[in-house]
>>> print(open('target21.txt').read())   # compact mmCIF, C-alpha atoms
# COMPACT_ATOMS: atom_id res chain seq x y z
CA MET A 160 0.00 0.00 0.00
CA ASN A 161 1.18 3.52 -0.79
CA LYS A 162 1.99 5.94 2.01
CA LEU A 163 -1.30 7.39 3.11
CA LEU A 164 -1.93 11.11 2.83
CA LEU A 165 -4.93 11.05 5.15
CA THR A 166 -7.16 8.88 7.29
CA PHE A 167 -10.49 9.97 8.68
CA TYR A 168 -13.21 8.91 11.07
CA GLY A 169 -16.70 10.14 10.19
CA ASP A 170 -19.23 10.67 12.96
CA ASP A 171 -21.96 9.29 10.68
CA PHE A 172 -22.20 7.46 7.36
CA THR A 173 -23.59 10.19 5.12
CA GLY A 174 -20.92 12.62 6.26
CA SER A 175 -18.28 9.98 5.64
CA THR A 176 -19.33 9.52 2.01
CA ASP A 177 -19.08 13.31 1.65
CA ALA A 178 -15.41 13.10 2.69
CA LEU A 179 -14.93 10.11 0.37
CA GLU A 180 -16.25 12.22 -2.50
CA GLN A 181 -14.03 15.24 -1.87
CA LEU A 182 -10.87 13.16 -1.59
CA THR A 183 -11.68 11.17 -4.73
CA LEU A 184 -12.35 14.39 -6.66
CA ALA A 185 -8.89 15.57 -5.59
CA GLY A 186 -7.35 12.48 -7.18
CA VAL A 187 -6.79 10.67 -3.88
CA ARG A 188 -7.80 7.00 -4.12
CA THR A 189 -9.95 6.45 -1.05
CA ALA A 190 -11.84 3.54 0.48
CA LEU A 191 -14.43 3.99 3.20
CA PHE A 192 -14.83 1.18 5.75
CA THR A 193 -17.41 0.56 8.45
CA GLU A 194 -14.66 -0.40 10.92
CA PRO A 195 -10.94 0.41 11.04
CA PRO A 196 -9.63 -1.92 8.31
CA THR A 197 -7.47 -4.96 8.93
CA PRO A 198 -4.33 -5.59 6.84
CA ALA A 199 -6.24 -8.29 4.92
CA GLN A 200 -8.99 -5.81 4.03
CA LEU A 201 -6.51 -3.19 2.89
CA LYS A 202 -4.86 -5.69 0.52
CA ARG A 203 -8.13 -5.85 -1.41
CA PHE A 204 -7.80 -2.13 -2.19
CA PRO A 205 -4.38 -1.63 -3.80
CA LYS A 206 -2.75 1.79 -4.14
CA LEU A 207 -4.92 3.50 -1.57
CA GLN A 208 -3.89 7.01 -0.53
CA ALA A 209 -6.64 7.65 2.01
CA VAL A 210 -8.70 5.46 4.33
CA GLY A 211 -11.92 6.41 6.06
CA VAL A 212 -14.05 4.85 8.76
CA ALA A 213 -17.78 5.58 8.72
CA GLY A 214 -18.66 5.71 12.38
CA PHE A 215 -21.74 6.52 14.42
CA THR A 216 -20.49 8.76 17.24
CA ARG A 217 -22.86 11.53 16.23
CA SER A 218 -25.61 9.60 18.01
CA LEU A 219 -23.65 8.57 21.14
CA PRO A 220 -23.23 10.11 24.61
CA PRO A 221 -19.67 11.17 25.54
CA ALA A 222 -18.75 8.07 27.56
CA ALA A 223 -19.76 5.79 24.68
CA MET A 224 -18.00 8.09 22.21
CA GLU A 225 -14.74 7.74 24.12
CA ARG A 226 -15.04 3.94 24.21
CA GLU A 227 -15.53 3.96 20.44
CA LEU A 228 -13.04 6.63 19.45
CA ARG A 229 -9.97 5.83 21.52
CA PRO A 230 -9.27 2.40 19.95
CA ALA A 231 -10.39 3.61 16.52
CA PHE A 232 -8.02 6.57 16.64
CA LYS A 233 -5.16 4.34 17.76
CA ARG A 234 -5.77 1.97 14.82
CA LEU A 235 -5.85 4.92 12.41
CA LYS A 236 -2.66 6.28 13.95
CA ALA A 237 -0.96 2.95 13.24
CA LEU A 238 -1.58 3.49 9.51
CA GLU A 239 0.96 6.37 9.64
CA SER A 240 -0.85 8.93 7.50
CA ARG A 241 0.16 12.60 7.53
CA HIS A 242 -3.33 13.80 8.44
CA ILE A 243 -6.06 12.34 10.62
CA HIS A 244 -9.45 14.00 10.27
CA TYR A 245 -12.44 13.66 12.58
CA LYS A 246 -15.25 14.35 10.11
CA VAL A 247 -18.35 16.08 11.48
CA CYS A 248 -21.52 17.38 9.89
CA SER A 249 -21.22 20.76 8.19
CA THR A 250 -23.98 22.04 10.46
CA PHE A 251 -21.88 20.99 13.50
CA ASP A 252 -24.74 18.87 14.91
CA SER A 253 -23.71 18.09 18.49
CA SER A 254 -24.43 18.78 22.13
CA PRO A 255 -22.74 18.12 25.49
CA ALA A 256 -24.94 15.01 25.85
CA VAL A 257 -25.01 13.59 22.29
CA GLY A 258 -22.37 13.56 19.56
CA SER A 259 -20.08 15.88 21.54
CA ILE A 260 -17.44 17.26 19.17
CA GLY A 261 -15.63 18.56 22.23
CA CYS A 262 -15.33 15.00 23.52
CA ALA A 263 -13.88 13.87 20.18
CA ILE A 264 -11.33 16.70 20.31
CA ASP A 265 -10.32 15.77 23.85
CA VAL A 266 -9.77 12.13 22.88
CA GLY A 267 -7.95 13.07 19.68
CA MET A 268 -5.56 15.40 21.47
CA GLU A 269 -4.72 12.67 23.98
CA VAL A 270 -4.04 10.09 21.24
CA PHE A 271 -2.26 12.26 18.65
CA HIS A 272 -0.70 15.10 20.68
CA PRO A 273 -1.02 17.65 17.84
CA PRO A 274 0.56 21.13 18.13
CA PHE A 275 -3.01 22.43 17.75
CA VAL A 276 -6.28 21.15 16.27
CA PRO A 277 -7.39 22.91 13.07
CA LEU A 278 -11.19 23.28 13.10
CA LEU A 279 -12.77 23.98 9.70
CA VAL A 280 -16.55 23.64 9.36
CA ALA A 281 -17.20 25.86 6.35
CA ALA A 282 -17.76 24.12 3.01
CA PRO A 283 -18.81 26.78 0.49
CA SER A 284 -19.69 24.30 -2.27
CA LEU A 285 -22.20 22.75 0.14
CA GLY A 286 -23.65 26.10 1.16
CA ARG A 287 -21.81 26.28 4.51
CA TYR A 288 -20.07 29.53 5.43
CA CYS A 289 -18.21 30.58 8.58
CA VAL A 290 -17.67 34.31 9.16
CA PHE A 291 -16.13 35.70 12.38
CA GLY A 292 -16.76 32.33 13.99
CA ASN A 293 -20.47 32.19 13.12
CA LEU A 294 -21.82 29.43 10.90
CA PHE A 295 -24.37 29.99 8.15
CA ALA A 296 -26.04 27.21 6.13
CA ARG A 297 -28.17 26.91 3.04
CA PHE A 298 -31.52 25.19 3.47
CA GLY A 299 -30.96 22.11 1.34
CA ILE A 300 -27.56 21.08 -0.03
CA GLY A 301 -27.60 21.04 -3.82
CA SER A 302 -30.68 23.27 -3.88
CA ASP A 303 -31.36 26.99 -4.27
CA GLY A 304 -32.64 27.32 -0.71
CA ALA A 305 -32.05 30.45 1.34
CA ILE A 306 -29.01 30.82 3.61
CA HIS A 307 -29.69 31.09 7.34
CA ARG A 308 -27.63 31.75 10.43
CA LEU A 309 -27.40 28.33 12.05
CA ASP A 310 -29.49 29.14 15.12
CA ARG A 311 -32.29 30.33 12.79
CA HIS A 312 -31.97 27.51 10.26
CA PRO A 313 -35.37 25.84 9.57
CA SER A 314 -33.94 22.34 10.01
CA ALA A 315 -30.69 22.50 12.01
CA SER A 316 -32.20 24.68 14.74
CA ARG A 317 -35.05 22.17 15.15
CA HIS A 318 -33.16 18.88 14.99
CA PRO A 319 -35.04 16.41 17.26
CA VAL A 320 -31.86 15.28 19.08
CA THR A 321 -29.22 18.01 18.69
CA PRO A 322 -30.93 21.33 17.83
CA MET A 323 -28.38 24.03 17.00
CA THR A 324 -29.31 27.03 19.13
CA GLU A 325 -25.97 28.86 18.85
CA ALA A 326 -24.35 30.00 15.59
CA ASP A 327 -21.03 31.06 17.17
CA LEU A 328 -19.08 27.81 17.03
CA ARG A 329 -16.74 28.94 19.80
CA LEU A 330 -19.63 29.37 22.23
CA HIS A 331 -21.25 26.13 21.08
CA LEU A 332 -18.00 24.18 21.51
CA ALA A 333 -17.28 25.75 24.92
CA LYS A 334 -20.22 23.77 26.30
CA GLN A 335 -18.50 20.53 25.25
CA THR A 336 -14.81 21.03 26.08
CA LYS A 337 -12.61 23.24 28.23
CA ARG A 338 -9.97 23.46 25.47
CA LYS A 339 -8.90 26.95 24.45
CA VAL A 340 -10.27 28.03 21.05
CA ALA A 341 -8.70 30.76 18.87
CA LEU A 342 -10.19 32.21 15.69
CA PHE A 343 -8.38 32.64 12.36
CA ASP A 344 -10.99 35.01 11.03
CA ILE A 345 -12.03 35.87 7.50
CA LEU A 346 -9.78 38.95 7.40
CA LYS A 347 -6.73 36.77 8.05
CA VAL A 348 -7.87 34.09 5.59
CA THR A 349 -7.89 36.69 2.79
CA LEU A 350 -4.32 37.84 3.47
CA PRO A 351 -1.51 36.96 1.02
CA ALA A 352 0.02 33.57 1.80
CA LYS A 353 3.12 34.88 3.59
CA GLU A 354 1.10 37.25 5.76
CA ALA A 355 -1.44 34.55 6.53
CA ARG A 356 1.34 32.25 7.76
CA THR A 357 2.66 35.03 9.96
CA ALA A 358 -0.83 35.63 11.36
CA LEU A 359 -1.25 31.95 12.20
CA ARG A 360 2.14 31.80 13.90
CA GLN A 361 1.15 34.83 15.96
CA ILE A 362 -2.07 33.14 17.05
CA LEU A 363 -0.13 30.00 18.00
CA THR A 364 2.12 31.98 20.34
CA GLU A 365 -0.93 32.19 22.60
CA LYS A 366 -0.92 28.36 22.72
CA PRO A 367 -4.54 27.65 21.80
CA ASP A 368 -5.64 24.02 21.70
CA ILE A 369 -7.97 24.63 18.75
CA VAL A 370 -7.88 27.12 15.88
CA LEU A 371 -11.22 27.74 14.15
CA PHE A 372 -10.83 28.84 10.52
CA ASP A 373 -13.38 31.06 8.79
CA ALA A 374 -14.12 30.50 5.08
CA PHE A 375 -16.58 32.06 2.68
CA HIS A 376 -15.31 31.32 -0.86
CA PRO A 377 -13.95 28.02 -2.24
CA GLU A 378 -10.55 29.62 -2.84
CA HIS A 379 -10.26 30.27 0.90
CA LEU A 380 -10.00 26.52 1.42
CA GLY A 381 -6.80 26.29 -0.63
CA THR A 382 -5.22 28.96 1.59
CA ILE A 383 -6.25 27.07 4.72
CA GLY A 384 -5.04 23.77 3.26
CA GLY A 385 -1.60 25.25 2.69
CA LEU A 386 -1.46 26.60 6.24
CA VAL A 387 -2.42 23.37 8.01
CA ASP A 388 -0.55 20.98 5.69
CA SER A 389 2.75 22.53 6.75
CA PHE A 390 2.22 21.18 10.27
CA ALA A 391 1.75 17.53 9.21
CA SER A 392 4.19 14.66 8.71
CA ALA A 393 4.06 10.87 8.82
CA SER A 394 6.07 10.88 12.03
CA ARG A 395 3.77 13.45 13.64
CA PRO A 396 0.34 13.37 12.01
CA LEU A 397 -1.89 16.41 12.35
CA PHE A 398 -5.28 15.76 13.92
CA SER A 399 -7.99 18.05 12.56
CA VAL A 400 -11.74 18.36 13.07
CA GLY A 401 -14.38 19.63 10.70
CA SER A 402 -16.64 19.10 7.74
CA SER A 403 -15.50 17.91 4.33
CA GLY A 404 -14.07 21.42 4.08
CA ILE A 405 -10.94 19.84 5.59
CA ASP A 406 -10.71 17.37 2.71
CA MET A 407 -11.46 20.08 0.14
CA ALA A 408 -8.79 22.31 1.65
CA LEU A 409 -6.08 19.65 1.69
CA GLY A 410 -7.12 18.35 -1.73
CA ALA A 411 -6.81 21.86 -3.20
CA ARG A 412 -3.38 22.18 -1.61
CA TRP A 413 -2.16 18.82 -2.95
CA ILE A 414 -3.39 19.62 -6.45
CA LYS A 415 -1.67 23.01 -6.36
CA VAL A 416 1.71 21.62 -5.33
CA GLY A 417 1.45 18.65 -7.70
CA THR A 418 1.06 15.90 -5.10
CA ARG A 419 -2.19 14.86 -6.75
CA ARG A 420 -4.10 15.56 -9.97
CA ARG A 421 -7.84 16.02 -10.15
CA GLY A 422 -9.69 12.71 -10.09
CA VAL A 423 -13.21 11.67 -11.06
CA ARG A 424 -14.87 14.21 -13.33
CA SER A 425 -18.38 15.45 -12.63
CA ALA A 426 -19.24 14.94 -16.31
CA GLN A 427 -19.32 11.17 -15.77
CA ARG A 428 -22.69 9.48 -15.86
CA ALA A 429 -24.14 6.24 -14.61
CA ASP A 430 -26.75 4.34 -16.59
CA PRO A 431 -30.34 4.95 -15.47
CA ALA A 432 -31.75 2.31 -13.13
CA THR A 433 -35.04 0.65 -14.01
CA GLN A 434 -36.01 0.67 -10.34
CA ILE A 435 -34.43 1.69 -7.05
CA LEU A 436 -34.92 0.94 -3.36
CA ILE A 437 -34.79 3.84 -0.90
CA GLY A 438 -34.60 3.71 2.88
CA SER A 439 -35.01 6.90 4.89
CA GLY A 440 -34.57 7.48 8.60
CA SER A 441 -34.33 11.25 8.11
CA CYS A 442 -36.55 13.71 9.95
CA SER A 443 -35.47 16.63 7.75
CA PRO A 444 -38.18 18.64 6.00
CA VAL A 445 -35.96 18.50 2.89
CA THR A 446 -36.15 14.70 2.82
CA LYS A 447 -39.84 14.82 3.65
CA SER A 448 -40.50 16.96 0.57
CA GLN A 449 -38.41 14.56 -1.56
CA ILE A 450 -40.47 11.59 -0.40
CA ALA A 451 -43.68 13.48 -1.13
CA TRP A 452 -42.41 14.29 -4.65
CA ALA A 453 -41.51 10.66 -5.32
CA ARG A 454 -44.87 9.45 -4.04
CA LYS A 455 -46.64 11.79 -6.46
CA HIS A 456 -44.51 10.45 -9.31
CA GLY A 457 -45.31 6.77 -8.93
CA PHE A 458 -42.87 5.50 -6.30
CA ALA A 459 -44.34 2.92 -3.94
CA GLU A 460 -44.29 3.89 -0.27
CA ILE A 461 -43.92 1.89 2.93
CA ALA A 462 -44.33 4.02 6.05
CA LEU A 463 -42.79 2.35 9.10
CA ASN A 464 -44.49 2.31 12.47
CA ALA A 465 -41.74 3.83 14.59
CA ALA A 466 -43.58 3.07 17.83
CA ALA A 467 -43.71 -0.63 16.88
CA LEU A 468 -39.99 -0.64 16.07
CA ALA A 469 -39.34 0.85 19.51
CA SER A 470 -41.14 -2.09 21.15
CA ARG A 471 -39.21 -5.30 21.73
CA LYS A 472 -42.43 -7.28 21.37
CA LYS A 473 -43.59 -5.65 18.15
CA ALA A 474 -40.35 -4.79 16.32
CA GLY A 475 -39.86 -8.19 14.69
CA ALA A 476 -43.36 -8.27 13.25
CA GLU A 477 -43.03 -4.73 11.90
CA ILE A 478 -39.71 -5.54 10.21
CA ARG A 479 -41.21 -8.66 8.61
CA ARG A 480 -44.26 -6.72 7.42
CA ALA A 481 -42.17 -3.98 5.82
CA SER A 482 -39.66 -6.42 4.31
CA GLU A 483 -42.39 -8.47 2.65
CA ALA A 484 -44.22 -5.38 1.40
CA ALA A 485 -41.02 -3.92 -0.08
CA ALA A 486 -40.17 -7.21 -1.81
CA LYS A 487 -43.66 -7.44 -3.34
CA PHE A 488 -43.45 -3.92 -4.73
CA LEU A 489 -40.00 -4.64 -6.18
CA GLN A 490 -41.25 -7.84 -7.80
CA THR A 491 -43.91 -5.83 -9.65
CA GLY A 492 -41.19 -3.56 -11.07
CA SER A 493 -41.90 -0.58 -8.81
CA SER A 494 -39.33 1.63 -7.15
CA VAL A 495 -39.88 1.61 -3.38
CA ILE A 496 -39.38 4.07 -0.51
CA VAL A 497 -39.27 2.72 3.06
CA HIS A 498 -39.30 5.57 5.57
CA THR A 499 -39.88 6.65 9.17
CA ILE A 500 -41.47 10.05 8.42
CA SER A 501 -44.96 9.39 9.76
CA ALA A 502 -46.66 12.38 11.37
CA GLY A 503 -44.03 13.01 14.00
CA SER A 504 -43.75 9.37 15.08
CA VAL A 505 -39.97 9.56 15.46
CA GLY A 506 -40.23 12.55 17.75
CA GLN A 507 -42.84 10.77 19.84
CA ILE A 508 -40.62 7.79 20.56
CA ALA A 509 -37.32 9.65 21.08
CA ALA A 510 -37.91 10.06 24.81
CA LYS A 511 -38.99 6.44 25.15
CA LEU A 512 -35.83 5.15 23.49
CA LYS A 513 -33.57 7.37 25.66
CA GLY A 514 -30.86 8.07 23.11
CA ARG A 515 -31.30 4.82 21.16
CA THR A 516 -33.46 6.30 18.39
CA ALA A 517 -30.71 6.16 15.75
CA PRO A 518 -29.52 2.58 16.42
CA VAL A 519 -33.06 1.19 16.74
CA LEU A 520 -34.50 2.83 13.65
CA GLY A 521 -31.30 2.62 11.58
CA THR A 522 -30.78 -1.08 12.28
CA ALA A 523 -34.42 -1.84 11.49
CA LEU A 524 -34.24 0.14 8.25
CA GLY A 525 -31.07 -1.62 7.10
CA THR A 526 -32.51 -5.02 7.97
CA ILE A 527 -35.66 -4.31 5.93
CA LEU A 528 -33.63 -3.23 2.89
CA ARG A 529 -31.39 -6.29 3.12
CA ASN A 530 -34.37 -8.64 3.50
CA ALA A 531 -36.14 -7.11 0.51
CA LEU A 532 -33.04 -7.36 -1.69
CA ALA A 533 -32.61 -11.02 -0.75
CA GLN A 534 -36.02 -11.67 -2.34
CA LYS A 535 -35.75 -9.28 -5.31
CA PRO A 536 -32.31 -7.82 -6.16
CA VAL A 537 -32.05 -4.29 -7.57
CA ARG A 538 -28.93 -2.52 -8.77
CA ARG A 539 -29.25 0.86 -7.04
CA LEU A 540 -30.07 1.93 -3.49
CA CYS A 541 -30.36 5.18 -1.59
CA VAL A 542 -30.20 5.63 2.19
CA ALA A 543 -31.20 8.98 3.71
CA GLY A 544 -30.54 10.24 7.23
CA GLY A 545 -27.29 11.14 8.97
CA ASP A 546 -28.06 9.75 12.42
CA THR A 547 -29.50 6.41 11.25
CA SER A 548 -27.36 5.70 8.20
CA SER A 549 -24.35 4.18 10.00
CA TYR A 550 -26.57 1.59 11.66
CA ALA A 551 -28.45 0.90 8.43
CA ALA A 552 -25.19 0.30 6.56
CA ARG A 553 -23.99 -2.19 9.15
CA ALA A 554 -27.32 -4.01 9.15
CA MET A 555 -27.01 -4.35 5.36
CA GLY A 556 -23.61 -6.00 5.81
CA ILE A 557 -21.59 -3.25 4.13
CA GLU A 558 -17.87 -3.54 4.80
CA ALA A 559 -16.53 -0.79 2.53
CA LEU A 560 -17.43 1.70 -0.20
CA GLU A 561 -15.59 3.21 -3.15
CA MET A 562 -16.92 6.18 -5.09
CA ILE A 563 -18.19 5.61 -8.63
CA MET A 564 -19.05 9.20 -9.55
CA PRO A 565 -20.39 12.47 -8.14
CA LEU A 566 -24.15 12.85 -8.18
CA THR A 567 -25.12 15.78 -5.99
CA PRO A 568 -22.74 17.68 -3.67
CA GLY A 569 -21.96 15.64 -0.57
CA ALA A 570 -23.70 12.43 -1.70
CA PRO A 571 -21.81 10.50 -4.40
CA LEU A 572 -22.83 7.27 -6.08
CA CYS A 573 -20.71 4.47 -4.58
CA ARG A 574 -20.01 0.76 -5.02
CA ALA A 575 -20.79 -1.35 -1.94
CA HIS A 576 -18.45 -4.11 -0.78
CA ALA A 577 -20.66 -6.34 1.38
CA PRO A 578 -19.43 -9.96 1.50
CA ASN A 579 -22.21 -12.54 1.94
CA SER A 580 -24.92 -9.90 1.62
CA PRO A 581 -27.33 -9.18 -1.25
CA VAL A 582 -26.04 -5.60 -1.11
CA ASP A 583 -22.59 -6.69 -2.37
CA GLY A 584 -21.76 -4.92 -5.63
CA CYS A 585 -24.80 -2.64 -5.51
CA GLU A 586 -24.63 1.04 -6.42
CA ILE A 587 -25.59 3.05 -3.36
CA VAL A 588 -25.99 6.65 -2.28
CA PHE A 589 -25.91 7.73 1.35
CA LYS A 590 -27.38 11.21 1.72
CA GLY A 591 -27.80 13.52 4.67
CA GLY A 592 -31.23 14.87 5.44
CA GLN A 593 -30.37 18.31 4.07
CA VAL A 594 -29.01 17.05 0.73
CA GLY A 595 -30.73 17.50 -2.60
CA ALA A 596 -33.49 19.25 -4.49
CA GLU A 597 -37.12 18.20 -4.35
CA ASN A 598 -36.71 15.69 -7.22
CA TYR A 599 -33.60 14.16 -5.64
CA ILE A 600 -34.89 10.58 -5.68
CA GLU A 601 -35.49 10.77 -9.43
CA ILE A 602 -31.91 12.09 -9.84
CA VAL A 603 -30.63 8.99 -8.04
CA LYS A 604 -32.73 6.74 -10.28
CA ARG A 605 -31.53 8.24 -13.55
CA GLY A 606 -27.93 8.63 -12.37
CA LYS A 607 -27.48 12.28 -13.34
CA LEU A 608 -28.67 15.76 -12.53
>>> encode(input="target21.txt", output="structure tokens")
Amino acid sequence: MNKLLLTFYGDDFTGSTDALEQLTLAGVRTALFTEPPTPAQLKRFPKLQAVGVAGFTRSLPPAAMERELRPAFKRLKALESRHIHYKVCSTFDSSPAVGSIGCAIDVGMEVFHPPFVPLLVAAPSLGRYCVFGNLFARFGIGSDGAIHRLDRHPSASRHPVTPMTEADLRLHLAKQTKRKVALFDILKVTLPAKEARTALRQILTEKPDIVLFDAFHPEHLGTIGGLVDSFASASRPLFSVGSSGIDMALGARWIKVGTRRRGVRSAQRADPATQILIGSGSCSPVTKSQIAWARKHGFAEIALNAAALASRKKAGAEIRRASEAAAKFLQTGSSVIVHTISAGSVGQIAAKLKGRTAPVLGTALGTILRNALAQKPVRRLCVAGGDTSSYAARAMGIEALEMIMPLTPGAPLCRAHAPNSPVDGCEIVFKGGQVGAENYIEIVKRGKL
């Protein structure tokens, strides 16, 4: 295996495929695994330059996060890459009690001992902008939705588990960690390269643990990539935290200096699929509108009873019912959507499940998709929902993914490696709740915008 440029751990599956996409577009051959890969697994992916792990810490309390992250980080450290990235959602979904990014930073600093932790959440191509430490986000990635300050965002501010009530990322993070945070603001980002380096060195004299980088334009990411890349080496990898903006920034840097050439072109197309199978655990109003659009355009629908899935006595029967219904629709040639958006049912059971909403619903969703495919195979799948997707992927038996082509920003079409599962070899898209225009599901079916 080649020397790795970067390894990353994603706090959910959809965010991890976003990082996979950005690295592949930068010409970095990347494989995304559901667990830190073994040497035998890595041998099946020759000439890799980046390795990712699609985790599920976004849905865990801090104590469980630490139990998951410490051994995972140590296994990634053993791969001796120059950069190690903890990938988070570009809307910074987190709280002191669930998906604590501060907890991940604390663990990462203890494992990697970096000189500082670069924090970059902005991703302009995804409609995510950070200005003077405040995060702004477009309503709907890959759409023409309006841009909102995060604490006024129609979806992020109302997330059922981790509502974002503070747009200043420094204040939000201060509730999760005692680490000192400095800001490399937008005025410094726009300085000439030499002056920007001087400004960063000046900030580092104050010995901050974390440096938050503003960014507003895509070209700002190349500047930031150059700044942070200078602190990394195989002998002392740099641990960073942020959205796929980190991968865009480093990719832009590596292309500029000739380390890599641009990879997969967005002009590529996949053949249209005659039918597709969609599973959604998303509560986002964006996904809800996409499901409504698909229903109006002939897609079959199976609405899950979330309350039944939350019951140990009733869950098995509900999974069997949905699996059989999905298989019957597929056998008639229909495309099928299996979803949990049923008049607020997810919100109603969240308290009952006490933090287990994502694993319960995600595992059930993945099991239903796998069962249906065992009876009637289809070539292309789509899974929606950041919190539930990691559990759905594991229930489907997915071991690894490689990107086939871009489709919409942040949600590429991938090839699934799932030994002994009917999902093996399938084309699959994992999308966050905020991703895509209203006709997104039709875009997935035809394989192009």
>>> residues_around(input="target21.txt", residues="stretch 491-497 of chain A", least_positions_apart="3", cutoff="10 Å", atoms="all atoms listed in the file", output="PyMOL selection string")
chain A and resi 432-440+450+453-454+457-463+481-482+484-488+500+524+527-528+535+537+540-542+600+604
>>> write_last_selection(input="target21.txt", atoms="C-alpha atoms", output="PDB file, keeping the file's coordinate frame")
ATOM      1  CA  ALA A 432     -31.750   2.310 -13.130  1.00  0.00           C
ATOM      2  CA  THR A 433     -35.040   0.650 -14.010  1.00  0.00           C
ATOM      3  CA  GLN A 434     -36.010   0.670 -10.340  1.00  0.00           C
ATOM      4  CA  ILE A 435     -34.430   1.690  -7.050  1.00  0.00           C
ATOM      5  CA  LEU A 436     -34.920   0.940  -3.360  1.00  0.00           C
ATOM      6  CA  ILE A 437     -34.790   3.840  -0.900  1.00  0.00           C
ATOM      7  CA  GLY A 438     -34.600   3.710   2.880  1.00  0.00           C
ATOM      8  CA  SER A 439     -35.010   6.900   4.890  1.00  0.00           C
ATOM      9  CA  GLY A 440     -34.570   7.480   8.600  1.00  0.00           C
ATOM     10  CA  ILE A 450     -40.470  11.590  -0.400  1.00  0.00           C
ATOM     11  CA  ALA A 453     -41.510  10.660  -5.320  1.00  0.00           C
ATOM     12  CA  ARG A 454     -44.870   9.450  -4.040  1.00  0.00           C
ATOM     13  CA  GLY A 457     -45.310   6.770  -8.930  1.00  0.00           C
ATOM     14  CA  PHE A 458     -42.870   5.500  -6.300  1.00  0.00           C
ATOM     15  CA  ALA A 459     -44.340   2.920  -3.940  1.00  0.00           C
ATOM     16  CA  GLU A 460     -44.290   3.890  -0.270  1.00  0.00           C
ATOM     17  CA  ILE A 461     -43.920   1.890   2.930  1.00  0.00           C
ATOM     18  CA  ALA A 462     -44.330   4.020   6.050  1.00  0.00           C
ATOM     19  CA  LEU A 463     -42.790   2.350   9.100  1.00  0.00           C
ATOM     20  CA  ALA A 481     -42.170  -3.980   5.820  1.00  0.00           C
ATOM     21  CA  SER A 482     -39.660  -6.420   4.310  1.00  0.00           C
ATOM     22  CA  ALA A 484     -44.220  -5.380   1.400  1.00  0.00           C
ATOM     23  CA  ALA A 485     -41.020  -3.920  -0.080  1.00  0.00           C
ATOM     24  CA  ALA A 486     -40.170  -7.210  -1.810  1.00  0.00           C
ATOM     25  CA  LYS A 487     -43.660  -7.440  -3.340  1.00  0.00           C
ATOM     26  CA  PHE A 488     -43.450  -3.920  -4.730  1.00  0.00           C
ATOM     27  CA  ILE A 500     -41.470  10.050   8.420  1.00  0.00           C
ATOM     28  CA  LEU A 524     -34.240   0.140   8.250  1.00  0.00           C
ATOM     29  CA  ILE A 527     -35.660  -4.310   5.930  1.00  0.00           C
ATOM     30  CA  LEU A 528     -33.630  -3.230   2.890  1.00  0.00           C
ATOM     31  CA  LYS A 535     -35.750  -9.280  -5.310  1.00  0.00           C
ATOM     32  CA  VAL A 537     -32.050  -4.290  -7.570  1.00  0.00           C
ATOM     33  CA  LEU A 540     -30.070   1.930  -3.490  1.00  0.00           C
ATOM     34  CA  CYS A 541     -30.360   5.180  -1.590  1.00  0.00           C
ATOM     35  CA  VAL A 542     -30.200   5.630   2.190  1.00  0.00           C
ATOM     36  CA  ILE A 600     -34.890  10.580  -5.680  1.00  0.00           C
ATOM     37  CA  LYS A 604     -32.730   6.740 -10.280  1.00  0.00           C
TER      38      LYS A 604
END
>>> atom_distance(input="target21.txt", atom1="atom CA of A:Gly544", atom2="atom CA of A:Gly401")
19.0 Å
>>> atom_distance(input="target21.txt", atom1="atom CA of A:Arg538", atom2="atom CA of A:Cys585")
5.3 Å
>>> residues_around(input="target21.txt", residues="stretch 199-215 of chain A", least_positions_apart="4", cutoff="9 Å", atoms="only C-alpha atoms", output="VMD selection string")
chain A and resid 160 to 176 178 to 179 182 187 to 195 219 224 227 231 235 240 258 518 546 to 550 559
>>> residues_around(input="target21.txt", residues="A:Pro313", least_positions_apart="3", cutoff="12 Å", atoms="all atoms listed in the file", output="list of chain:residue names")
A:Phe295, A:Ala296, A:Arg297, A:Phe298, A:Gly299, A:Gly304, A:Ala305, A:Ile306, A:His307, A:Arg308, A:Leu309, A:Asp310, A:Ser316, A:Arg317, A:His318, A:Pro322, A:Met323, A:Thr324, A:Ser443, A:Pro444, A:Val445, A:Gln593
>>> atom_distance(input="target21.txt", atom1="atom CA of A:Asp406", atom2="atom CA of A:Pro221")
25.3 Å
